[in-house]
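Colleague: Below is entry01.tsv; it holds TSV, N, CA and C atoms.
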```
chain	number	residue	atom	x	y	z
A	1	MET	N	-3.82	70.55	19.36
A	1	MET	CA	-2.58	70.44	18.63
A	1	MET	C	-1.53	69.63	19.36
A	2	VAL	N	-1.73	69.37	20.65
A	2	VAL	CA	-0.73	68.59	21.40
A	2	VAL	C	-0.55	67.24	20.73
A	3	GLY	N	0.70	66.87	20.50
A	3	GLY	CA	1.02	65.61	19.84
A	3	GLY	C	1.21	65.74	18.34
A	4	GLN	N	0.78	66.86	17.77
A	4	GLN	CA	0.93	67.08	16.33
A	4	GLN	C	2.38	67.39	15.99
A	5	THR	N	2.88	66.85	14.88
A	5	THR	CA	4.23	67.12	14.43
A	5	THR	C	4.17	68.11	13.28
A	6	LEU	N	4.96	69.17	13.39
A	6	LEU	CA	4.99	70.23	12.40
A	6	LEU	C	6.37	70.30	11.74
A	7	PRO	N	6.42	70.50	10.43
A	7	PRO	CA	7.73	70.67	9.79
A	7	PRO	C	8.27	72.06	10.10
A	8	ALA	N	9.56	72.16	10.29
A	8	ALA	CA	10.20	73.45	10.58
A	8	ALA	C	11.46	73.60	9.76
A	9	GLN	N	11.78	74.83	9.41
A	9	GLN	CA	13.00	75.12	8.67
A	9	GLN	C	13.83	76.10	9.49
A	10	VAL	N	15.10	75.77	9.70
A	10	VAL	CA	16.02	76.63	10.43
A	10	VAL	C	16.49	77.71	9.47
A	11	LEU	N	16.18	78.96	9.77
A	11	LEU	CA	16.51	80.07	8.88
A	11	LEU	C	17.89	80.63	9.14
A	12	SER	N	18.27	80.78	10.41
A	12	SER	CA	19.58	81.34	10.73
A	12	SER	C	19.95	81.03	12.18
A	13	LYS	N	21.23	81.21	12.48
A	13	LYS	CA	21.74	81.01	13.83
A	13	LYS	C	22.27	82.34	14.34
A	14	PHE	N	21.88	82.71	15.55
A	14	PHE	CA	22.34	83.95	16.17
A	14	PHE	C	23.64	83.71	16.93
A	15	SER	N	24.35	84.79	17.21
A	15	SER	CA	25.65	84.68	17.89
A	15	SER	C	25.52	84.12	19.31
A	16	ASP	N	24.34	84.20	19.93
A	16	ASP	CA	24.14	83.66	21.29
A	16	ASP	C	23.83	82.16	21.27
A	17	GLY	N	23.80	81.56	20.07
A	17	GLY	CA	23.54	80.13	19.96
A	17	GLY	C	22.09	79.76	19.70
A	18	SER	N	21.18	80.73	19.75
A	18	SER	CA	19.78	80.46	19.45
A	18	SER	C	19.57	80.51	17.93
A	19	PHE	N	18.40	80.07	17.50
A	19	PHE	CA	18.10	79.97	16.07
A	19	PHE	C	16.80	80.67	15.74
A	20	LEU	N	16.70	81.15	14.50
A	20	LEU	CA	15.45	81.64	13.95
A	20	LEU	C	14.88	80.50	13.13
A	21	VAL	N	13.67	80.06	13.51
A	21	VAL	CA	13.05	78.88	12.90
A	21	VAL	C	11.68	79.26	12.37
A	22	ARG	N	11.37	78.79	11.17
A	22	ARG	CA	10.03	79.00	10.59
A	22	ARG	C	9.22	77.74	10.82
A	23	VAL	N	8.14	77.88	11.58
A	23	VAL	CA	7.26	76.75	11.88
A	23	VAL	C	5.81	77.25	11.84
A	24	ALA	N	4.96	76.52	11.14
A	24	ALA	CA	3.54	76.87	11.01
A	24	ALA	C	3.36	78.31	10.54
A	25	ASP	N	4.10	78.68	9.50
A	25	ASP	CA	4.02	80.03	8.90
A	25	ASP	C	4.35	81.15	9.88
A	26	THR	N	5.13	80.83	10.91
A	26	THR	CA	5.54	81.81	11.92
A	26	THR	C	7.02	81.66	12.19
A	27	ASN	N	7.70	82.79	12.32
A	27	ASN	CA	9.11	82.75	12.71
A	27	ASN	C	9.20	82.78	14.23
A	28	ALA	N	10.07	81.94	14.78
A	28	ALA	CA	10.25	81.87	16.23
A	28	ALA	C	11.73	81.73	16.53
A	29	ARG	N	12.15	82.36	17.61
A	29	ARG	CA	13.52	82.22	18.08
A	29	ARG	C	13.53	81.14	19.14
A	30	MET	N	14.43	80.15	18.99
A	30	MET	CA	14.46	79.04	19.94
A	30	MET	C	15.85	78.44	20.05
A	31	LEU	N	16.05	77.71	21.12
A	31	LEU	CA	17.28	76.95	21.33
A	31	LEU	C	17.07	75.56	20.74
A	32	LEU	N	18.08	75.06	20.05
A	32	LEU	CA	18.02	73.74	19.44
A	32	LEU	C	19.26	72.95	19.83
A	33	PRO	N	19.21	71.63	19.70
A	33	PRO	CA	20.36	70.79	20.07
A	33	PRO	C	21.58	71.07	19.18
A	34	ASN	N	22.74	70.67	19.67
A	34	ASN	CA	23.97	70.77	18.89
A	34	ASN	C	23.82	70.00	17.59
A	35	GLY	N	24.50	70.44	16.57
A	35	GLY	CA	24.48	69.75	15.29
A	35	GLY	C	23.45	70.29	14.32
A	36	ILE	N	22.60	71.22	14.77
A	36	ILE	CA	21.61	71.83	13.90
A	36	ILE	C	22.25	73.05	13.25
A	37	ASN	N	21.98	73.25	11.96
A	37	ASN	CA	22.56	74.36	11.22
A	37	ASN	C	21.49	75.09	10.43
A	38	ALA	N	21.77	76.35	10.07
A	38	ALA	CA	20.88	77.11	9.21
A	38	ALA	C	20.67	76.32	7.92
A	39	GLY	N	19.43	76.27	7.46
A	39	GLY	CA	19.09	75.52	6.26
A	39	GLY	C	18.52	74.14	6.55
A	40	ASP	N	18.74	73.62	7.76
A	40	ASP	CA	18.23	72.30	8.11
A	40	ASP	C	16.70	72.34	8.22
A	41	GLU	N	16.08	71.22	7.92
A	41	GLU	CA	14.66	71.04	8.15
A	41	GLU	C	14.50	69.95	9.19
A	42	LEU	N	13.55	70.14	10.11
A	42	LEU	CA	13.36	69.16	11.16
A	42	LEU	C	11.92	69.15	11.61
A	43	PRO	N	11.46	68.02	12.15
A	43	PRO	CA	10.10	67.95	12.68
A	43	PRO	C	10.09	68.45	14.13
A	44	LEU	N	9.07	69.20	14.47
A	44	LEU	CA	8.86	69.66	15.85
A	44	LEU	C	7.50	69.14	16.31
A	45	THR	N	7.47	68.49	17.47
A	45	THR	CA	6.23	67.95	18.01
A	45	THR	C	5.73	68.89	19.11
A	46	VAL	N	4.44	69.23	19.05
A	46	VAL	CA	3.82	70.11	20.05
A	46	VAL	C	3.63	69.31	21.34
A	47	VAL	N	4.28	69.78	22.42
A	47	VAL	CA	4.20	69.13	23.73
A	47	VAL	C	3.09	69.76	24.56
A	48	SER	N	2.96	71.09	24.48
A	48	SER	CA	1.88	71.79	25.19
A	48	SER	C	1.57	73.08	24.45
A	49	GLY	N	0.40	73.61	24.72
A	49	GLY	CA	-0.02	74.84	24.07
A	49	GLY	C	-0.20	76.00	25.02
A	50	GLN	N	-0.26	75.73	26.30
A	50	GLN	CA	-0.51	76.78	27.30
A	50	GLN	C	0.52	76.71	28.41
A	51	PRO	N	1.02	77.77	28.98
A	51	PRO	CA	0.64	79.15	28.66
A	51	PRO	C	1.21	79.63	27.33
A	52	ARG	N	2.25	78.94	26.82
A	52	ARG	CA	2.69	79.20	25.45
A	52	ARG	C	3.16	77.88	24.86
A	53	ALA	N	3.24	77.84	23.56
A	53	ALA	CA	3.58	76.59	22.89
A	53	ALA	C	4.96	76.08	23.31
A	54	THR	N	5.03	74.79	23.59
A	54	THR	CA	6.30	74.11	23.88
A	54	THR	C	6.46	73.03	22.82
A	55	LEU	N	7.63	73.02	22.17
A	55	LEU	CA	7.88	72.09	21.08
A	55	LEU	C	9.06	71.21	21.41
A	56	GLN	N	9.01	69.99	20.92
A	56	GLN	CA	10.10	69.01	21.09
A	56	GLN	C	10.65	68.69	19.71
A	57	VAL	N	11.97	68.66	19.59
A	57	VAL	CA	12.58	68.30	18.32
A	57	VAL	C	12.35	66.82	18.07
A	58	GLY	N	11.89	66.50	16.87
A	58	GLY	CA	11.65	65.12	16.49
A	58	GLY	C	10.18	64.80	16.42
A	59	ALA	N	9.89	63.70	15.76
A	59	ALA	CA	8.51	63.23	15.63
A	59	ALA	C	8.29	62.10	16.62
A	60	GLY	N	7.05	61.79	16.86
A	60	GLY	CA	6.76	60.68	17.75
A	60	GLY	C	6.09	61.15	19.01
A	61	ASN	N	6.12	60.30	20.03
A	61	ASN	CA	5.44	60.60	21.28
A	61	ASN	C	6.21	61.61	22.10
A	62	PRO	N	5.58	62.74	22.46
A	62	PRO	CA	6.25	63.70	23.35
A	62	PRO	C	6.53	63.03	24.69
A	63	GLN	N	7.69	63.32	25.25
A	63	GLN	CA	8.07	62.75	26.54
A	63	GLN	C	8.15	63.86	27.56
A	64	ALA	N	7.48	63.70	28.66
A	64	ALA	CA	7.47	64.71	29.73
A	64	ALA	C	8.87	64.92	30.25
A	65	GLY	N	9.19	66.19	30.51
A	65	GLY	CA	10.48	66.52	31.10
A	65	GLY	C	11.64	66.55	30.15
A	66	GLN	N	11.38	66.42	28.86
A	66	GLN	CA	12.48	66.48	27.88
A	66	GLN	C	12.22	67.56	26.88
```
What would you get if you wrote out this structure as structure tokens?
Modeller:
Amino acid sequence: MVGQTLPAQVLSKFSDGSFLVRVADTNARMLLPNGINAGDELPLTVVSGQPRATLQVGAGNPQAGQ
């Protein structure tokens, strides 16, 4: 799955600044860049799968360290 881009929908924003995001039929809590709001849809690219999934906002080539 590394390199695959998945569509995601931002479901809500928590008071601590994190977001509830639906991606690949799973809800996940994550930090997102400024300017993202509940209701937004965005592409997430799989950067790594182990030891747990790491996703990068945006489509295209994953860049190490970002």
Colleague: Interatomic distance between atom C of A:Ala24 and atom N of A:Gln9?
Modeller: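 Going from atom C of A:Ala24 over to atom N of A:Gln9 covers 9.2 Å.
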Colleague: Would you list the contacts of A:Lys13 as a VMD selection string, taking every protein, DNA or RNA residue within 7 Å and counting only N, CA and C atoms, but skipping same-chain residues closer than 6 positions in sequence?
Modeller: chain A and resid 19 to 20 37 to 38
Colleague: Looking at all atoms listed in the file, which of A:Val10, A:Ala28, A:Ala59, A:Val21 is the one that sits closest to A:Thr45?
Modeller: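 So, comparing all the options, the nearest one is A:Ala59.
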Colleague: Mind pulling up the distance from atom N of A:Gly3 to atom C of A:Asp40?
Modeller: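 For atom C of A:Asp40 relative to atom N of A:Gly3, the distance reads 20.9 Å.
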Colleague: Using DSSP assignments from the backbone, pull out every residue in chain A that falls under strand (DSSP E or B) and give it to me as JSON, numbers by chain.
Modeller: {"A": [5, 6, 7, 8, 9, 10, 11, 12, 13, 19, 20, 21, 22, 23, 26, 27, 28, 29, 30, 41, 42, 43, 44, 45, 46, 47, 48, 54, 55, 56, 57]}
Colleague: What is the distance between atom CA of A:Arg29 and atom CA of A:Gly49, in Å to one decimal?
Modeller: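 Separation between atom CA of A:Arg29 and atom CA of A:Gly49: 16.5 Å.
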Colleague: Write out as a list in words the residues lying within 6 Å of A:Pro43, counting only C-alpha atoms and excluding same-chain residues fewer than 4 positions away.
Modeller: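 Listing them by chain and then by number gives Leu6, Pro7, Ala8, Gly58 and Ala59 of chain A.
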Colleague: Could you check which of A:Met30, A:Leu55, A:Ile36, A:Val46 is closest to A:Thr5, using only N, CA and C atoms?
Modeller: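 Looking at the shortest contact to A:Thr5, the residue is A:Val46.
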